[in-house]
Amino acid sequence: MAKKTKKTKKIHLLIVESPAKAKTIQKYLGNGYGVTASIGHLFDLPRSRLAINIDNNFEPEYITIRGKAKILKEILKEAKKAECILLASDNDREGEAISYHIKNAIQNKFPDIQVKRIVFNEITPVAIQKAVESPMDIDINKVNAQKARRILDRLVGYKLSPILWKKVKNGLSAGRVQSVALKLICERDKEVEAFIPQEYWTIDAHLKKGKKTFIAQLFQYKGEKPEIKNKEETQKLIDQFKGKEFVVTDLKQKEKVTKPLAPYTTSKLQQAAATRLGYTSRKTMRIAQSLYEGVNIGAERRGLITYVRTDSTRVADSAIEAVRGFISDHYPEDLPDKPNVYAIGKKAQDAHEAIRPTYIEQIPEEVKSSLTPEQFKIYSLIWERFVSSQMKPVKSKNITLEMKCGDGLFKASATKILEKGFYKVLKLLAPKGKSVSLPSLSEGDILQCFDLTGDQHFTQGPSYFNDASIIKALEEKGVGRPSTYAPIISVLIDRYYVVRKNKRLKATVLGKIISDMLTKTFPDIIDVNFTANVEKKLDEVETKGEPWVKMISEFFTPFNQKVEYVMEHLESIKGVLDEETDFTCEKCGRPMVKKLGRYGFFIACTGFPECMNSKAVPLADCPKPECNGKIIAKRKQNKRGKVFYGCTNYPECDFVTYFPPTKVKCPRCGFFLVERSDKKRGEYKVCVNPECDYIHQLEAEKSSV
Ligand SMILES: [Zn+2]
Ligand SMILES: [Zn+2]
Ligand SMILES: [Zn+2]
């Protein structure tokens with residue numbers, strides 16, 4: 001006989017991991033349901049020791065995370081009152097592990113309470129209702145995959161870091177996947193630095209037909225591609241074409257079909273937000289997560305997008321139906337007969353759907369007032385990309401025009417859009433670049449040239465990695481997973497192995513030293529293929545239930561032997577990097593040396609630890625007349641702490657620059673040169689003196705070395 005429960009008594013308790021998510025779900029469920037948040041993991045390995053029993057099947061020793069005891073107590077208190085617990089953390093490995101640990105904690109205390117797991121891909125009333133009606137058991141394979149990754153990362157971190165302490169510098173640490181990413185960044189830096197940009201010039205003819213003007217570029221001279229190296233050569237050529245007539249010799253038209261792209265996966269969203277909006281991957285994930293967990297739209301609270309950690313482009317049938325309905329209402333002529341289908345990447349686990357809006361009718365402009373500007377932009381990207389993915393392609397016509405003038409052939413091209421297709425829905429994602437149009441011409445037509453101009457360019461070599469391109473590289477190589485791309489970059493920056501400057505990621509001196517050392521001593525561990533293989537094996541623990549202990553022990557035994565060997569045999573470079581300086585310590589009179597610190601180089605007293613005197617490395621002499629100060633790096637005293645370069649005689653001397661000084665003196669005025677960079681030139685040096693226009697070209701310097 002069932003006991004009657006009072007209506008107000010909460011018999012079901014849902015446990016999620018974030019308060020925002022709890023708030024959204026609470027609104028969807030009636031009385032009889034309580035929702036509480038664990039704020040992420042409650043249990044983890046302790047920070048202070050290895051806590052893995054290597055002799056006993058790598059059994060980890062989990063403890064309550066510091067500061068989480070209160071939350072656990074609260075959850076247990078709520079659980080006691082409940083008849084049934086539903087664990088509703090995110091539907092991935094981490095979420096499964098969070099649920100698993102909470103389940104154990106509850107059942108240890110209250111073995112009679114029923115604890116179940118529910119999963120959903122979006123936070124909407126329908127999805128939550130469905131999930132609540134079909135509770136499941138914890139997926140132990142997923143839990144094991146998370147556990148195996150945690151143990152593996154812990155073993156590598158705890159074994160590699162002491163090597164760095166002993167051989168390089170105290171307090172350093174190294175991680176498994178981050179070290180692979182660091183290596184990729186170091187390799188790219190080397191390629192970029194080895195590249196010597198070459199100057200070249202192009203020649204544009206400004207032409208006129210009737211009232212219409214357009215530009216054509218010289219693409220052949222005496223039957224060959226012109227190689228114009230400098231201004232003088234450019235002028236010589238221009239002089240040859242001056243006053244001569246331009247005759248149309250060829251006119252080509254070609255139709256082109258541009259298909260829409262698949263809806264976003266995590267990595268593609270991060271790449272688009274980095275390229276289009278300049279967001280770091282961490283920022284993108286934070287904003288996307290908030291859209292997934294729920295936003296107040298008027299009186300309602302909605303999860304606006306599906307789950308944000310996914311490597312699949314798959315879309316639920318119901319969502320395809322909804323978006324086709326939307327397109328048919330708003331862009332009826334752009335609805336394909338059948339839904340567009342996208343190939344799912346080979347490496348994708350395909351556990352989730354692509355990232356898409358949960359309510360397709362909720363167009364970005366309509367919810368704009370309920371969102372922060374950043375949420376609006378991320379939502380717009382996701383919405384536009386998803387709707388466009390189910391629309392007709394763009395049809396366009398490419399027109400190429402060739403003209404002869406003396407010994408030169410000039411070319412002009414333009415694109416005319418015939419059918420706009422999915423472009424109609426793109427705003428934030430609209431293709432960049434202005435459209436060019438050409439007058440209607442036919443072969444034999446003679447054109448008037450009213451100007452000839454030359455343009456300086458430099459050949460483009462490989463580029464430094466940025467947030468978008470490193471994620472792309474990691475994904476292509478199978479290193480990292482949707483949940484780890486953003487943390488990999490953050491960790492490298494937090495450890496000061498990599499810096500993000502002008503959106504570019506570059507290894508620091510410290511990062512290079514560590515990467516070189518690990519590459520030499522543990523080539524296999526930080527090998528891209530090896531790491532990709534480990535990720536694959538972790539996937540197999542999750543999807544096929546492969547035994548995780550076997551997987552870890554196969555990895556650990558040779559690794560540990562190598563660690564012991566390296567500890568014993570590798571020569572320490574500790575202190576080797578210290579450079580002598582002319583400085584004498586003003587506190588104790590001992591000489592001072594240049595040392596590599598956590599945040600770059602600094603000058604320290606050799607009397608350390610007796611004498612703690614240290615100072616910033618002087619980068620240049622202060623150029624102000626009568627000032628004998630040195631220019632050093634300083635940090636603004638505000639939250640963002642932007643670096644600038646000022647004089648040691650501040651406040652008497654107020655000299656300041658925001659560009660990194662170099663040791664090179666300006667041959668014209670004697671001030672120092674600073675490092676600058678732009679798209680056209682790449683990296684170069686200019687005089688810091690605002691009255692002087694000296695520019696020191698990088699390639700001149702490189703070729704003289
Ligand atoms: Zn001293
Ligand atoms: Zn000064
Ligand atoms: Zn100068």
# chains A, B, ... in the order shown; residues from 1 in each chain; ligands from 1
>>> residues_near_ligand(ligand="ligand 3", cutoff="7 Å", atoms="only C-alpha atoms and all ligand atoms", output="VMD selection string")
chain A and resid 666 to 671 687 to 689 692 to 694
>>> residues_near_ligand(ligand="ligand 2", cutoff="10 Å", atoms="only C-alpha atoms and all ligand atoms", output="JSON, numbers by chain")
{"A": [621, 622, 623, 624, 625, 626, 627, 628, 629, 630, 631, 646, 647, 648, 649, 650, 651, 652, 653, 654, 655, 656]}
>>> closest_residue(among="A:Gly175, A:Pro339, A:Gly303, A:Gly406", to="Ala127 (chain A)", atoms="only C-alpha atoms")
A:Gly303
>>> closest_residue(among="A:Arg500, A:Lys377, A:Lys21, A:Lys27", to="Arg276 (chain A)", atoms="only C-alpha atoms")
A:Lys377
>>> residues_near_ligand(ligand="ligand 1", cutoff="9 Å", atoms="only C-alpha atoms and all ligand atoms", output="MDAnalysis selection string")
chainID A and resid 584:592 604:608 610:614
>>> write_last_selection(atoms="C-alpha atoms", output="mmCIF file, in the first residue's frame")
data_model
loop_
_atom_site.group_PDB
_atom_site.id
_atom_site.type_symbol
_atom_site.label_atom_id
_atom_site.label_comp_id
_atom_site.auth_asym_id
_atom_site.auth_seq_id
_atom_site.Cartn_x
_atom_site.Cartn_y
_atom_site.Cartn_z
ATOM 1 C CA THR A 584 76.316 45.134 -8.715
ATOM 2 C CA CYS A 585 73.791 44.624 -5.984
ATOM 3 C CA GLU A 586 73.189 47.979 -4.300
ATOM 4 C CA LYS A 587 72.163 46.178 -1.127
ATOM 5 C CA CYS A 588 75.087 43.818 -0.564
ATOM 6 C CA GLY A 589 77.657 44.585 -3.245
ATOM 7 C CA ARG A 590 77.644 41.130 -4.834
ATOM 8 C CA PRO A 591 77.384 40.743 -8.615
ATOM 9 C CA MET A 592 73.939 40.274 -10.117
ATOM 10 C CA ALA A 604 68.787 38.816 -9.292
ATOM 11 C CA CYS A 605 71.528 39.059 -6.697
ATOM 12 C CA THR A 606 73.923 36.098 -6.584
ATOM 13 C CA GLY A 607 73.615 36.321 -2.801
ATOM 14 C CA PHE A 608 70.183 34.691 -3.003
ATOM 15 C CA GLU A 610 70.626 35.641 1.796
ATOM 16 C CA CYS A 611 70.000 38.730 -0.298
ATOM 17 C CA MET A 612 66.625 38.850 -2.024
ATOM 18 C CA ASN A 613 67.358 41.881 -4.179
ATOM 19 C CA SER A 614 66.018 41.617 -7.725
#
>>> residues_around(residues="region 204-208 of chain A", least_positions_apart="4", cutoff="8 Å", atoms="only C-alpha atoms", output="list in words")
Lys212, Thr213, Phe214, Ile215, Ala216, Gln217, Leu218, Phe410, Leu447, Gln448, Cys449, Phe450, Asp451, Leu452, Thr453, Gly454 and Asp455 of chain A
>>> residues_around(residues="Cys405 (chain A)", least_positions_apart="4", cutoff="7 Å", atoms="only C-alpha atoms", output="number ranges by chain")
A: 241, 244-247, 409
>>> select_by_dssp(residues="region 377-474 of chain A", states="strand (DSSP E)", output="PyMOL selection string")
chain A and resi 394-405+408-419+446-458+465-466
>>> closest_residue(among="A:Thr202, A:Gln114, A:Ser380, A:Ser463", to="Ala430 (chain A)", atoms="only C-alpha atoms")
A:Ser380
>>> closest_atom_pairs(of="region 548-648 of chain A", to="region 674-678 of chain A", cutoff="12 Å", atoms="only C-alpha atoms", output="Markdown table")
| residue | atom | partner | partner_atom | distance |
| --- | --- | --- | --- | --- |
| A:Leu619 | CA | A:Val674 | CA | 10.4 |
| A:Ala620 | CA | A:Val674 | CA | 9.9 |
| A:Ile631 | CA | A:Val674 | CA | 11.7 |
| A:Phe644 | CA | A:Val674 | CA | 12.0 |
| A:Tyr645 | CA | A:Val674 | CA | 10.5 |
>>> write_last_selection(atoms="N, CA and C atoms", output="CSV table (one decimal), in the first residue's frame")
chain,number,residue,atom,x,y,z
A,619,LEU,N,65.8,47.0,-20.8
A,619,LEU,CA,65.7,46.6,-22.2
A,619,LEU,C,66.4,47.6,-23.2
A,620,ALA,N,66.5,48.9,-22.7
A,620,ALA,CA,67.2,49.9,-23.5
A,620,ALA,C,67.5,51.1,-22.6
A,631,ILE,N,65.1,51.7,-19.7
A,631,ILE,CA,63.7,51.3,-20.0
A,631,ILE,C,63.4,49.9,-19.5
A,644,PHE,N,53.6,47.7,-20.4
A,644,PHE,CA,54.1,48.9,-21.1
A,644,PHE,C,55.6,49.0,-20.7
A,645,TYR,N,56.3,50.0,-21.3
A,645,TYR,CA,57.7,50.1,-21.1
A,645,TYR,C,58.0,51.5,-20.7
>>> residues_around(residues="Pro60 (chain A)", least_positions_apart="5", cutoff="8 Å", atoms="only C-alpha atoms", output="NGL selection string")
:A and (45 or 51-53 or 151)
>>> atom_distance(atom1="CA of Met567 (chain A)", atom2="CA of Asn170 (chain A)")
14.5 Å
>>> residues_around(residues="Glu571 (chain A)", least_positions_apart="2", cutoff="10 Å", atoms="only C-alpha atoms", output="list in words")
Lys166, Lys167, Val168, Val566, Met567, Glu568, His569, Ile573 and Lys574 of chain A
>>> write_last_selection(atoms="N, CA and C atoms", output="mmCIF file, in the first residue's frame")
data_model
loop_
_atom_site.group_PDB
_atom_site.id
_atom_site.type_symbol
_atom_site.label_atom_id
_atom_site.label_comp_id
_atom_site.auth_asym_id
_atom_site.auth_seq_id
_atom_site.Cartn_x
_atom_site.Cartn_y
_atom_site.Cartn_z
ATOM 1 N N LYS A 166 64.196 19.354 -10.997
ATOM 2 C CA LYS A 166 65.586 18.987 -10.754
ATOM 3 C C LYS A 166 66.506 19.499 -11.856
ATOM 4 N N LYS A 167 65.994 19.496 -13.099
ATOM 5 C CA LYS A 167 66.881 19.797 -14.217
ATOM 6 C C LYS A 167 66.752 21.221 -14.766
ATOM 7 N N VAL A 168 65.594 21.836 -14.584
ATOM 8 C CA VAL A 168 65.419 23.167 -15.177
ATOM 9 C C VAL A 168 65.208 24.243 -14.119
ATOM 10 N N VAL A 566 65.915 9.115 -16.938
ATOM 11 C CA VAL A 566 66.151 10.543 -17.195
ATOM 12 C C VAL A 566 66.562 11.262 -15.906
ATOM 13 N N MET A 567 65.877 10.950 -14.825
ATOM 14 C CA MET A 567 66.186 11.551 -13.526
ATOM 15 C C MET A 567 67.662 11.348 -13.180
ATOM 16 N N GLU A 568 68.126 10.141 -13.487
ATOM 17 C CA GLU A 568 69.485 9.753 -13.167
ATOM 18 C C GLU A 568 70.502 10.385 -14.107
ATOM 19 N N HIS A 569 70.201 10.349 -15.407
ATOM 20 C CA HIS A 569 71.230 10.633 -16.406
ATOM 21 C C HIS A 569 71.197 12.001 -17.066
ATOM 22 N N ILE A 573 70.195 21.662 -16.449
ATOM 23 C CA ILE A 573 70.516 22.963 -17.043
ATOM 24 C C ILE A 573 70.145 24.075 -16.055
ATOM 25 N N LYS A 574 69.921 23.655 -14.832
ATOM 26 C CA LYS A 574 69.597 24.623 -13.787
ATOM 27 C C LYS A 574 70.757 25.598 -13.642
#
>>> residues_around(residues="Arg324 (chain A)", least_positions_apart="6", cutoff="9 Å", atoms="only C-alpha atoms", output="ChimeraX atom specification")
/A:335-336,339,387,390-391
>>> atom_distance(atom1="CA of Lys520 (chain A)", atom2="CA of Lys536 (chain A)")
24.8 Å
>>> select_by_dssp(residues="region 110-331 of chain A", states="helix (DSSP H, G or I)", output="PyMOL selection string")
chain A and resi 125-133+140-167+176-194+231-241+266-277+281-293+317-330
>>> atom_distance(atom1="CA of Pro197 (chain A)", atom2="CA of Pro226 (chain A)")
17.8 Å
>>> closest_residue(among="A:Pro618, A:Gly421, A:Gly223, A:Pro125", to="Pro332 (chain A)", atoms="only C-alpha atoms")
A:Gly421
